[in-house]
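This report concerns only the one structure given below.
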2 protein chains.
Amino acid sequence: MPFKSLIEEPRCQIVRTLDIVGEKWSLLIIRNAFRGQTKFSEFRDQLGIPTDILTARLATLVENGIFEKQGYRDAGNRERSSYHLSEAGRALNIVMAAINQWGEQFNPSPWGSASTFLDERGKQKVSVAFVGESGTAVPQTKVSWAPGPASTVQW
Amino acid sequence: MPFKSLIEEPRCQIVRTLDIVGEKWSLLIIRNAFRGQTKFSEFRDQLGIPTDILTARLATLVENGIFEKQGYRDAGNRERSSYHLSEAGRALNIVMAAINQWGEQFNPSPWGSASTFLDERGKQKVSVAFVGESGTAVPQTKVSWAPGPASTVQW
DNA sequence: AGGGCTGAGTTGGTTTTTCCAACTTATATC
DNA sequence: GATATAAGTTGGAAAAACCAACTCAGCCCT
């Protein structure tokens, strides 16, 4: 974001993840990538993001393995760069869905929902939930957050 | 963040949610609140956040209903303010857990996990997953993101 | 009553980040 | 050779974050 200390990397996964995707515009670029956008000009035009910031964000997202940079060539044009979500980038779908779901519940838009998440067949909506080791759902209000093995006094 | 347009509120829940919790430090203040911190001085000392920024963030988080401001009085001291997660704030636990889980998988700390999420009894770890309408788990890689009813041409 | 202590800020000035508009670069077509 | 276009760079202005020093209110102590 960067909160990253020069002395020591952070242990907290929240901090570590925000260091990668927490800067302004990053999650929106990723959102647009989930919508199938891959070109610099698509991100620029759809988001209205300043182009120097877009350049910087794409670079750090590539550097951190969220995007893979590829070349593409439209008919009659020279080769240009495109940006594609990696496996790690695609795995952010559950983070995006959790954010989306929270917004629907606690800060709904007057127009209703702009996003849905669908299963493989596109047949049913899916939602984000906590599940226990056996795969059974655990109510969100019953889940508590505790220090893990890597936590120090200040975790 | 604010991406909020002056003309029209955004429809996208990602944008709407980032407008509330997407600024620098906001999610870390919320993380620390999940750790039981409630006082200005606790956030300041544990996070090392500039105090003017902390003031500003606490204000917008209260304004947006993430925190509830209360008074407290330590023995022999005058009354001061404390900040407590509201229901909406507590419901961010699944967003935090999703971020944490992504980090564990794709950007693990050399020291291991600093956070775990536990069920009601603290007996088992819980994780974040996609579930279908019937409550059955749907593999994350099989979930796709599609426009919802409120989506426009540019959703 | 006066002085010191403490938590919760506020303030002024500096640095960093973001924003914006104009410019550049490489190649493809005309 | 001239023109077009995607993907950037660059320089300067504006906004946000940072930092240290200060304020303010009430409590305790003498």
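By convention in this document, the chains of the structure tokens carry letters A, B, ... by their order, each chain's residues are numbered from 1, and ligands are numbered from 1 in the order they are shown.
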
With a cut-off of 7 Å, could you pull out the residues of chain B touching chain A and give me the nearest pair of atoms for each, distance in Å to one decimal, using only C-alpha atoms, ordered by chain and ascending number, as a Markdown table?
```
| residue | atom | partner | partner_atom | distance |
| --- | --- | --- | --- | --- |
| B:Arg11 | CA | A:Ser109 | CA | 5.7 |
| B:Cys12 | CA | A:Ala114 | CA | 5.5 |
| B:Gln13 | CA | A:Asn100 | CA | 5.0 |
| B:Ile14 | CA | A:Asn100 | CA | 5.4 |
| B:Arg16 | CA | A:Gly103 | CA | 6.8 |
| B:Thr17 | CA | A:Gly103 | CA | 5.5 |
| B:Ala88 | CA | A:Phe106 | CA | 6.2 |
| B:Leu92 | CA | A:Trp102 | CA | 6.9 |
| B:Ile94 | CA | A:Ala98 | CA | 6.6 |
| B:Val95 | CA | A:Ala98 | CA | 5.2 |
| B:Ala98 | CA | A:Val95 | CA | 5.2 |
| B:Ile99 | CA | A:Val95 | CA | 5.9 |
| B:Asn100 | CA | A:Gln13 | CA | 5.0 |
| B:Trp102 | CA | A:Leu92 | CA | 6.9 |
| B:Gly103 | CA | A:Gln13 | CA | 5.2 |
| B:Glu104 | CA | A:Gln13 | CA | 6.6 |
| B:Phe106 | CA | A:Ala88 | CA | 6.2 |
| B:Ser109 | CA | A:Arg11 | CA | 5.7 |
| B:Trp111 | CA | A:Ala150 | CA | 5.2 |
| B:Gly112 | CA | A:Ala150 | CA | 5.1 |
| B:Ser113 | CA | A:Ala150 | CA | 5.1 |
| B:Ala114 | CA | A:Gly148 | CA | 4.3 |
| B:Ser115 | CA | A:Gly148 | CA | 4.3 |
| B:Thr116 | CA | A:Gly148 | CA | 5.2 |
| B:Phe117 | CA | A:Trp145 | CA | 4.6 |
| B:Leu118 | CA | A:Ser144 | CA | 5.3 |
| B:Asp119 | CA | A:Val143 | CA | 4.7 |
| B:Glu120 | CA | A:Lys142 | CA | 4.8 |
| B:Gln124 | CA | A:Gly132 | CA | 6.7 |
| B:Lys125 | CA | A:Gly132 | CA | 6.3 |
| B:Val126 | CA | A:Gly132 | CA | 4.5 |
| B:Ser127 | CA | A:Phe130 | CA | 5.5 |
| B:Val128 | CA | A:Phe130 | CA | 4.6 |
| B:Ala129 | CA | A:Ala129 | CA | 5.5 |
| B:Phe130 | CA | A:Val128 | CA | 4.6 |
| B:Val131 | CA | A:Val126 | CA | 5.3 |
| B:Gly132 | CA | A:Val126 | CA | 4.4 |
| B:Glu133 | CA | A:Val126 | CA | 6.3 |
| B:Val138 | CA | A:Asp119 | CA | 6.9 |
| B:Lys142 | CA | A:Glu120 | CA | 4.8 |
| B:Val143 | CA | A:Asp119 | CA | 4.7 |
| B:Ser144 | CA | A:Leu118 | CA | 5.3 |
| B:Trp145 | CA | A:Phe117 | CA | 4.6 |
| B:Ala146 | CA | A:Thr116 | CA | 5.2 |
| B:Pro147 | CA | A:Ser115 | CA | 4.6 |
| B:Gly148 | CA | A:Ser115 | CA | 4.3 |
| B:Pro149 | CA | A:Ser113 | CA | 5.9 |
| B:Ala150 | CA | A:Ala114 | CA | 4.5 |
| B:Ser151 | CA | A:Ala114 | CA | 4.5 |
| B:Trp155 | CA | A:Ala114 | CA | 6.4 |
```

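Using only C-alpha atoms (C1' of nucleotides), the residues found no farther than 10 Å from stretch 48-50 of chain A, other than those of its own chain fewer than 4 positions away, are Trp25, Leu28, Ile29, Ser41, Glu42, Phe43, Arg44, Leu54 and Thr55 of chain A; DT18, DC19 and DC20 of chain C.
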
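Neighbouring residues of D:DA6 at 12 Å or closer, counting only C-alpha atoms (C1' of nucleotides) and skipping chain neighbours under 4 positions away, are Lys39, Phe40, Ser41, Glu42, Arg44, Tyr72, Arg73, Asp74, Asn77, Arg78, Glu79, Arg80, Ser81 and Ser82 of chain A; DT25, DA26, DT27 and DA28 of chain C.
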
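In this model, the gap between atom CA of A:Arg57 and atom CA of A:Ser26 comes to 6.3 Å.
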
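If you look at atom C1' of D:DA14 and atom C1' of C:DT17, they are 10.5 Å away from each other.
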
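Selecting chain D residues within 8 Å of chain A and counting only C-alpha atoms (C1' of nucleotides) yields DA6, DA7, DG8 and DT9 of chain D.
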
Could you write those residues out with N, CA and C atoms (P, O5', C5', C4', C3', O3' and C1' of nucleotides), as a PDB file, in the first residue's frame?
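Just written: out_2.pdb:
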```
ATOM      1  P    DA D   6      -6.579   2.681 -30.659  1.00  0.00           P
ATOM      2  O5'  DA D   6      -5.559   1.851 -29.778  1.00  0.00           O
ATOM      3  C5'  DA D   6      -5.074   0.594 -30.268  1.00  0.00           C
ATOM      4  C4'  DA D   6      -3.866   0.202 -29.468  1.00  0.00           C
ATOM      5  C3'  DA D   6      -4.081   0.243 -27.957  1.00  0.00           C
ATOM      6  O3'  DA D   6      -3.463  -0.907 -27.396  1.00  0.00           O
ATOM      7  C1'  DA D   6      -2.363   1.783 -28.575  1.00  0.00           C
ATOM      8  P    DA D   7      -3.451  -1.182 -25.848  1.00  0.00           P
ATOM      9  O5'  DA D   7      -2.114  -0.451 -25.406  1.00  0.00           O
ATOM     10  C5'  DA D   7      -0.864  -0.923 -25.894  1.00  0.00           C
ATOM     11  C4'  DA D   7       0.238  -0.014 -25.414  1.00  0.00           C
ATOM     12  C3'  DA D   7       0.230   0.234 -23.887  1.00  0.00           C
ATOM     13  O3'  DA D   7       1.547   0.093 -23.388  1.00  0.00           O
ATOM     14  C1'  DA D   7       0.356   2.262 -25.032  1.00  0.00           C
ATOM     15  P    DG D   8       1.775  -0.393 -21.849  1.00  0.00           P
ATOM     16  O5'  DG D   8       1.297   0.897 -21.023  1.00  0.00           O
ATOM     17  C5'  DG D   8       2.232   1.743 -20.403  1.00  0.00           C
ATOM     18  C4'  DG D   8       3.008   2.609 -21.386  1.00  0.00           C
ATOM     19  C3'  DG D   8       3.840   3.688 -20.727  1.00  0.00           C
ATOM     20  O3'  DG D   8       5.192   3.291 -20.635  1.00  0.00           O
ATOM     21  C1'  DG D   8       2.662   4.503 -22.659  1.00  0.00           C
ATOM     22  P    DT D   9       6.137   3.763 -19.457  1.00  0.00           P
ATOM     23  O5'  DT D   9       6.945   4.997 -20.082  1.00  0.00           O
ATOM     24  C5'  DT D   9       6.229   6.044 -20.641  1.00  0.00           C
ATOM     25  C4'  DT D   9       7.163   7.199 -20.962  1.00  0.00           C
ATOM     26  C3'  DT D   9       7.823   7.858 -19.749  1.00  0.00           C
ATOM     27  O3'  DT D   9       8.964   8.582 -20.209  1.00  0.00           O
ATOM     28  C1'  DT D   9       6.000   9.177 -20.535  1.00  0.00           C
TER      29       DT D   9
END
```

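Atom C1' of D:DC27 lies 22.1 Å from atom CA of B:Tyr83.
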
Write out as a CSV table (one decimal) with C-alpha atoms, in the first residue's frame the set of residues from stretch 112-143 of chain B that DSSP, computed on the backbone, places in strand (DSSP E).
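Once everything was written out, this is states-v7.csv:
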```
chain,number,residue,atom,x,y,z
B,115,SER,CA,-4.8,-15.3,11.9
B,116,THR,CA,-7.3,-18.1,12.2
B,117,PHE,CA,-11.0,-18.0,12.1
B,118,LEU,CA,-12.8,-20.3,14.5
B,127,SER,CA,-12.7,-21.1,5.9
B,128,VAL,CA,-14.4,-19.0,3.3
B,129,ALA,CA,-16.1,-20.7,0.4
B,130,PHE,CA,-18.7,-20.3,-2.3
B,131,VAL,CA,-21.9,-22.1,-1.6
B,137,ALA,CA,-20.0,-25.8,-1.6
B,138,VAL,CA,-19.2,-24.8,-5.1
```

Where in chain A does DSSP assign alpha helix (DSSP H), given as a PyMOL selection string? chain A and resi 13-21+26-34+40-47+51-63+87-90+93-106

Within 10 Å of chain B, which residues of chain C show up? Give each one with its shortest atom-to-atom distance in Å (one decimal) and the two atoms involved, counting only C-alpha atoms (C1' of nucleotides), rows by chain then rising residue number, as CSV.
```
residue,atom,partner,partner_atom,distance
C:DT6,C1',B:Asn77,CA,8.5
C:DG7,C1',B:Ser41,CA,7.1
C:DA8,C1',B:Phe40,CA,7.0
C:DG9,C1',B:Thr55,CA,7.4
C:DT10,C1',B:Asp52,CA,7.9
C:DT11,C1',B:Asp52,CA,9.7
```

Name all residues at most 9 Å from D:DC18 (count only C-alpha atoms (C1' of nucleotides); drop same-chain ones fewer than 2 positions away) and give them as a VMD selection string. (chain B and resid 50 53) or (chain C and resid 14 to 16)

Residues as selected, C-alpha atoms (C1' of nucleotides), written as a short mmCIF file (atom, residue, chain, number, x, y, z; two decimals), in the first residue's frame, can you do that?
```cif
data_model
loop_
_atom_site.label_atom_id
_atom_site.label_comp_id
_atom_site.auth_asym_id
_atom_site.auth_seq_id
_atom_site.Cartn_x
_atom_site.Cartn_y
_atom_site.Cartn_z
CA PRO B 50 -0.68 9.39 11.96
CA ILE B 53 -5.48 10.31 9.62
"C1'" DT C 14 6.70 18.83 4.31
"C1'" DT C 15 6.59 14.79 1.52
"C1'" DT C 16 4.27 11.50 -1.28
#
```
